[in-house]
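Enquirer: Input: one structure, supplied below.
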There are 2 protein chains.
Amino acid sequence: MKIKAIFFDIDDTLYDSSLQSDLARRNALRAMIEAGLDIDEEAGIAALQNTVQKFGSNYEYHFNELLKKVGYDSNPRIIAAGIVAYHTTKIAHLVPYPDTIPTLLKLRDWGYNLGVITDGRAVKQWEKLIRLGLQHFFDTVIISEEVKSQKPYTAIFKQALKQVKCSAKDALMVGDRIDKDISGAKKAGIATVQILRGKYINQCPKDSYEEPDYVIQNLKDIFYVLKIIEKKNK
Amino acid sequence: MKIKAIFFDIDDTLYDSSLQSDLARRNALRAMIEAGLDIDEEAGIAALQNTVQKFGSNYEYHFNELLKKVGYDSNPRIIAAGIVAYHTTKIAHLVPYPDTIPTLLKLRDWGYNLGVITDGRAVKQWEKLIRLGLQHFFDTVIISEEVKSQKPYTAIFKQALKQVKCSAKDALMVGDRIDKDISGAKKAGIATVQILRGKYINQCPKDSYEEPDYVIQNLKDIFYVLKIIEKKNK
């Protein structure tokens with residue numbers, strides 16, 4: 001028996017989202033300091049991270065909240081400086097990991113169905129895929145906002161299986177987060193591969209669902225995993 | 001007597017906003033067609049312009065409305081393709097006219113106070129100035145959202161004069177729109193210079209307030225205007 005469909009997470013699996021966010025925030029803060037914000041850089045970074053945690057990453061007024069937090073009146077010049085630096089940095093770092101495109105191409109050549117299973121707002125996640133140049137690679141793209149379920153709930157994984165007409169035992173899920181990608185896919189009966197990348201790299205499993213079936217360091221190691229699985233099932 | 005303060009409009013005065021918007025919309029539409037929108041390019045451009053007119057240029061869901069208008073369900077992939085192309089094109093064309101920076105520098109060298117008087121949202125207008133690299137050039141930046149008045153009302157011009165401590169007769173306003181920049185400044189008693197740039201180039205004056213005192217083709221021609229005014233007032 002052979003794996004038919006392989007699903008991927010996006011952030012920290014196909015591109016370096018953690019580095020991108022860290023640098024975008026740091027550059028935003030430096031630009032705000034240049035525009036007149038009088039704050040120590042590290043204290044500012046801490047305050048900004050705090051604001052992002054409090055309001056969530058999709059909130060649009062982090063910089064306004066940051067100014068409030070450090071005792072400033074609203075200042076459009078400082079906020080604009082932060083926004084410009086943030087977006088410029090984000091876009092500069094919205095590039096796939098070096099092994100992403102070669103691996104996806106080879107998997108397609110070998111006849112696998114490829115899919116994305118990602119949490120977030122649909123337009124935003126598509127923007128990422130387009131800027132990454134990956135929008136044509138996948139047979140299905142499942143985004144939490146559209147299916148009204150999110151990782152680690154099983155509904156989002158089942159929707160993905162349905163779309164590629166594949167049963168759970170013929171599928172594989174690749175992601176960096178054991179609490180989202182691994183736990184959810186395992187509950188849905190899908191074999192799982194944790195990729196050791198990004199800021200969640202040191203998470204410890206809280207239960208057996210969070211223990212991945214396979215662990216890889218680079219995306220191209222997926223070929224070893226496929227070999228093992230397909231040998232097993234012969 | 002000598003002019004003390006010179007105020008500038010931003011769009012189509014300091015950079016080519018008309019070309020930028022046209023190209024951004026066209027590239028957005030082409031990207032949406034590439035992503036699966038089945039529409040004739042020119043018909044799409046017309047529909048998009050229509051949508052922008054209907055909802056205003058600061059509305060955030062033009063592409064969603066466009067899809068509705070041409071009978072499509074919401075489609076995050078198509079919308080994201082439009083957004084990415086739109087922003088990439090906008091940023092690529094957010095550069096000053098070739099004579100903008102040399103002219104502003106020389107005016108500063110000669111001791112003039114420089115200001116911006118612009119309509120729009122404060123953070124958005126500051127983003128433009130920052131991307132244009134002009135954020136450090138002006139002694140004052142007056143934005144309609146912050147002063148609760150807009151061109152051609154006189155309050156926004158009076159606010160600008162107050163900020164640079166200059167009386168109307170010692171100031172000059174440079175802009176492309178006779179119905180906004182020229183009319184408003186004249187009513188406030190400020191001498192006016194129309195710059196023949198952008199999509200409003202062929203507007204006809206509806207009253208004497210819309211007739212500029214001077215007309216120039218390039219920003220650097222401001223030096224001829226200054227010579228004439230300062231000779232007159234000797």
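Residue numbering restarts at 1 for every chain of the structure tokens, chains are lettered A, B, ... in their displayed order, and ligands are numbered from 1 as they appear.
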Which chain A residues are at most 8 Å from chain B (counting only C-alpha atoms), as a list of chain:residue names?
Expert: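 Going by the stated atoms only, the list reads A:Pro76, A:Arg77, A:Ile79, A:Ala80, A:Ala81, A:Ile83, A:Val84, A:Ala122, A:Val123, A:Lys124, A:Trp126, A:Glu127, A:Ile130, A:Arg131.
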Enquirer: Determine which residues of stretch 115-234 of chain A DSSP labels as helix (DSSP H, G or I) from the backbone of this structure, then write them out as a count of residues only.
Expert: 55
Enquirer: Could you tell me how far atom CA of B:Asp213 lies from atom CA of B:Lys227, in Å and to one decimal?
Expert: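 A separation of 13.9 Å between them.
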Enquirer: Hey, which of B:Asp73, B:Asp176, B:Asp22, B:Asp139 ends up closest to B:Asn218? Count only C-alpha atoms.
Expert: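 Checking each candidate against B:Asn218, we get B:Asp176 as the closest.
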Enquirer: Just the number, please: distance in Å from atom CA of A:Lys199 to atom CA of A:Asp11, one decimal.
Expert: 10.5 Å
Enquirer: Could you tell me how far atom CA of B:Val193 lies from atom CA of B:Pro212, in Å and to one decimal?
Expert: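 A separation of 5.9 Å between them.
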Enquirer: Could you pull the residues within 10 Å of B:His62, counting only C-alpha atoms, minus those fewer than 6 positions along the same chain, as a VMD selection string?
Expert: chain B and resid 48 to 56 68 79 82 to 83
Enquirer: For A:Lys220, work out the shell of residues within 8 Å, counting only C-alpha atoms and skipping chain neighbours fewer than 5 positions away, then give it as a list of chain:residue names.
Expert: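 Listing them by chain and then by number gives A:Asp99, A:Thr100, A:Thr103.
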Enquirer: Which of stretch 80-208 of chain B end up as strand (DSSP E) when DSSP is run on this backbone - answer as a PyMOL selection string?
Expert: chain B and resi 113-118+140-143+171-175+191-195
Enquirer: Output the selection as a CSV table (one decimal), in the first residue's frame - all heavy atoms for each residue.
Expert:
chain,number,residue,atom,x,y,z
B,113,ASN,N,10.3,77.5,4.9
B,113,ASN,CA,9.6,76.5,5.6
B,113,ASN,C,8.7,75.7,4.7
B,113,ASN,O,8.0,76.2,3.9
B,113,ASN,CB,8.6,77.2,6.7
B,113,ASN,CG,9.3,77.5,8.0
B,113,ASN,OD1,10.1,76.7,8.5
B,113,ASN,ND2,9.1,78.7,8.4
B,114,LEU,N,8.8,74.4,4.8
B,114,LEU,CA,8.0,73.5,3.9
B,114,LEU,C,6.9,72.8,4.7
B,114,LEU,O,7.2,72.3,5.8
B,114,LEU,CB,8.9,72.5,3.2
B,114,LEU,CG,10.1,73.1,2.4
B,114,LEU,CD1,10.9,72.0,1.7
B,114,LEU,CD2,9.7,74.2,1.5
B,115,GLY,N,5.8,72.6,4.1
B,115,GLY,CA,4.7,71.9,4.7
B,115,GLY,C,3.9,71.0,3.7
B,115,GLY,O,4.0,71.2,2.5
B,116,VAL,N,3.2,70.1,4.3
B,116,VAL,CA,2.3,69.3,3.5
B,116,VAL,C,0.9,69.6,4.0
B,116,VAL,O,0.6,69.7,5.2
B,116,VAL,CB,2.6,67.8,3.7
B,116,VAL,CG1,1.4,66.9,3.3
B,116,VAL,CG2,3.8,67.4,2.8
B,117,ILE,N,0.0,69.7,3.0
B,117,ILE,CA,-1.5,69.8,3.4
B,117,ILE,C,-2.2,68.8,2.5
B,117,ILE,O,-2.2,68.9,1.3
B,117,ILE,CB,-2.0,71.2,3.1
B,117,ILE,CG1,-1.3,72.3,3.9
B,117,ILE,CG2,-3.5,71.3,3.4
B,117,ILE,CD1,-1.7,73.7,3.5
B,118,THR,N,-2.7,67.8,3.2
B,118,THR,CA,-3.3,66.6,2.4
B,118,THR,C,-4.5,66.1,3.0
B,118,THR,O,-4.7,66.2,4.3
B,118,THR,CB,-2.2,65.5,2.4
B,118,THR,OG1,-2.7,64.4,1.6
B,118,THR,CG2,-1.8,65.0,3.7
B,140,THR,N,6.0,70.9,8.8
B,140,THR,CA,4.6,70.6,9.3
B,140,THR,C,3.9,69.7,8.3
B,140,THR,O,4.1,69.9,7.1
B,140,THR,CB,3.8,71.9,9.6
B,140,THR,OG1,2.6,71.5,10.2
B,140,THR,CG2,3.5,72.7,8.3
B,141,VAL,N,3.2,68.8,8.8
B,141,VAL,CA,2.3,67.9,7.9
B,141,VAL,C,0.9,68.0,8.5
B,141,VAL,O,0.7,67.5,9.6
B,141,VAL,CB,2.9,66.5,8.0
B,141,VAL,CG1,1.9,65.5,7.2
B,141,VAL,CG2,4.3,66.4,7.4
B,142,ILE,N,0.0,68.5,7.7
B,142,ILE,CA,-1.4,68.7,8.1
B,142,ILE,C,-2.2,67.7,7.3
B,142,ILE,O,-2.3,67.8,6.1
B,142,ILE,CB,-1.8,70.1,7.8
B,142,ILE,CG1,-0.9,71.2,8.5
B,142,ILE,CG2,-3.3,70.3,8.3
B,142,ILE,CD1,-1.0,71.2,10.0
B,143,ILE,N,-2.9,66.9,8.1
B,143,ILE,CA,-3.7,65.8,7.4
B,143,ILE,C,-5.2,66.0,7.9
B,143,ILE,O,-5.5,66.2,9.0
B,143,ILE,CB,-3.2,64.4,7.8
B,143,ILE,CG1,-1.7,64.3,7.4
B,143,ILE,CG2,-4.1,63.3,7.1
B,143,ILE,CD1,-1.1,63.0,8.0
B,171,ALA,N,2.8,83.0,2.3
B,171,ALA,CA,2.8,81.6,2.0
B,171,ALA,C,2.4,81.3,0.5
B,171,ALA,O,1.8,82.1,-0.2
B,171,ALA,CB,1.8,80.9,2.9
B,172,LEU,N,2.7,80.1,0.1
B,172,LEU,CA,2.4,79.6,-1.2
B,172,LEU,C,1.9,78.2,-1.1
B,172,LEU,O,2.4,77.4,-0.3
B,172,LEU,CB,3.7,79.6,-2.0
B,172,LEU,CG,3.7,79.6,-3.5
B,172,LEU,CD1,3.0,80.8,-4.1
B,172,LEU,CD2,5.2,79.6,-4.0
B,173,MET,N,0.9,77.9,-1.9
B,173,MET,CA,0.3,76.5,-1.9
B,173,MET,C,0.6,75.9,-3.3
B,173,MET,O,0.2,76.5,-4.3
B,173,MET,CB,-1.2,76.5,-1.6
B,173,MET,CG,-1.9,75.2,-1.8
B,173,MET,SD,-1.4,74.0,-0.4
B,173,MET,CE,-1.7,72.4,-1.2
B,174,VAL,N,1.1,74.7,-3.4
B,174,VAL,CA,1.4,74.0,-4.6
B,174,VAL,C,0.6,72.7,-4.7
B,174,VAL,O,0.7,71.9,-3.8
B,174,VAL,CB,2.9,73.7,-4.8
B,174,VAL,CG1,3.1,73.0,-6.1
B,174,VAL,CG2,3.7,74.9,-4.5
B,175,GLY,N,-0.3,72.6,-5.7
B,175,GLY,CA,-1.1,71.3,-5.8
B,175,GLY,C,-1.6,71.2,-7.2
B,175,GLY,O,-1.5,72.1,-8.1
B,191,ALA,N,-1.3,82.6,-1.9
B,191,ALA,CA,-1.0,82.5,-3.3
B,191,ALA,C,-0.9,81.1,-3.8
B,191,ALA,O,-0.4,80.2,-3.0
B,191,ALA,CB,0.4,83.2,-3.6
B,192,THR,N,-1.3,80.8,-5.0
B,192,THR,CA,-1.4,79.4,-5.4
B,192,THR,C,-0.7,79.1,-6.7
B,192,THR,O,-0.6,79.9,-7.6
B,192,THR,CB,-2.9,79.1,-5.7
B,192,THR,OG1,-3.4,80.1,-6.6
B,192,THR,CG2,-3.7,79.1,-4.4
B,193,VAL,N,-0.2,77.9,-6.8
B,193,VAL,CA,0.5,77.3,-7.9
B,193,VAL,C,-0.1,76.0,-8.3
B,193,VAL,O,-0.1,75.1,-7.5
B,193,VAL,CB,2.0,77.1,-7.6
B,193,VAL,CG1,2.8,76.6,-8.9
B,193,VAL,CG2,2.7,78.4,-7.1
B,194,GLN,N,-0.6,75.9,-9.5
B,194,GLN,CA,-1.2,74.6,-10.0
B,194,GLN,C,0.0,73.9,-10.7
B,194,GLN,O,0.7,74.5,-11.6
B,194,GLN,CB,-2.3,74.9,-11.0
B,194,GLN,CG,-2.9,73.5,-11.5
B,194,GLN,CD,-3.9,73.7,-12.7
B,194,GLN,OE1,-4.0,74.8,-13.2
B,194,GLN,NE2,-4.5,72.6,-13.1
B,195,ILE,N,0.2,72.7,-10.4
B,195,ILE,CA,1.1,71.9,-11.1
B,195,ILE,C,0.4,70.9,-12.1
B,195,ILE,O,-0.6,70.3,-11.7
B,195,ILE,CB,2.1,71.1,-10.2
B,195,ILE,CG1,3.2,70.4,-11.0
B,195,ILE,CG2,1.4,70.2,-9.2
B,195,ILE,CD1,4.4,70.1,-10.2
Enquirer: Which residue, A:Glu230, A:Val225, A:Gly133, A:Ile178, has the smallest gap to A:Glu211 when you use only C-alpha atoms?
Expert: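 The answer is A:Ile178, which sits nearest to A:Glu211.
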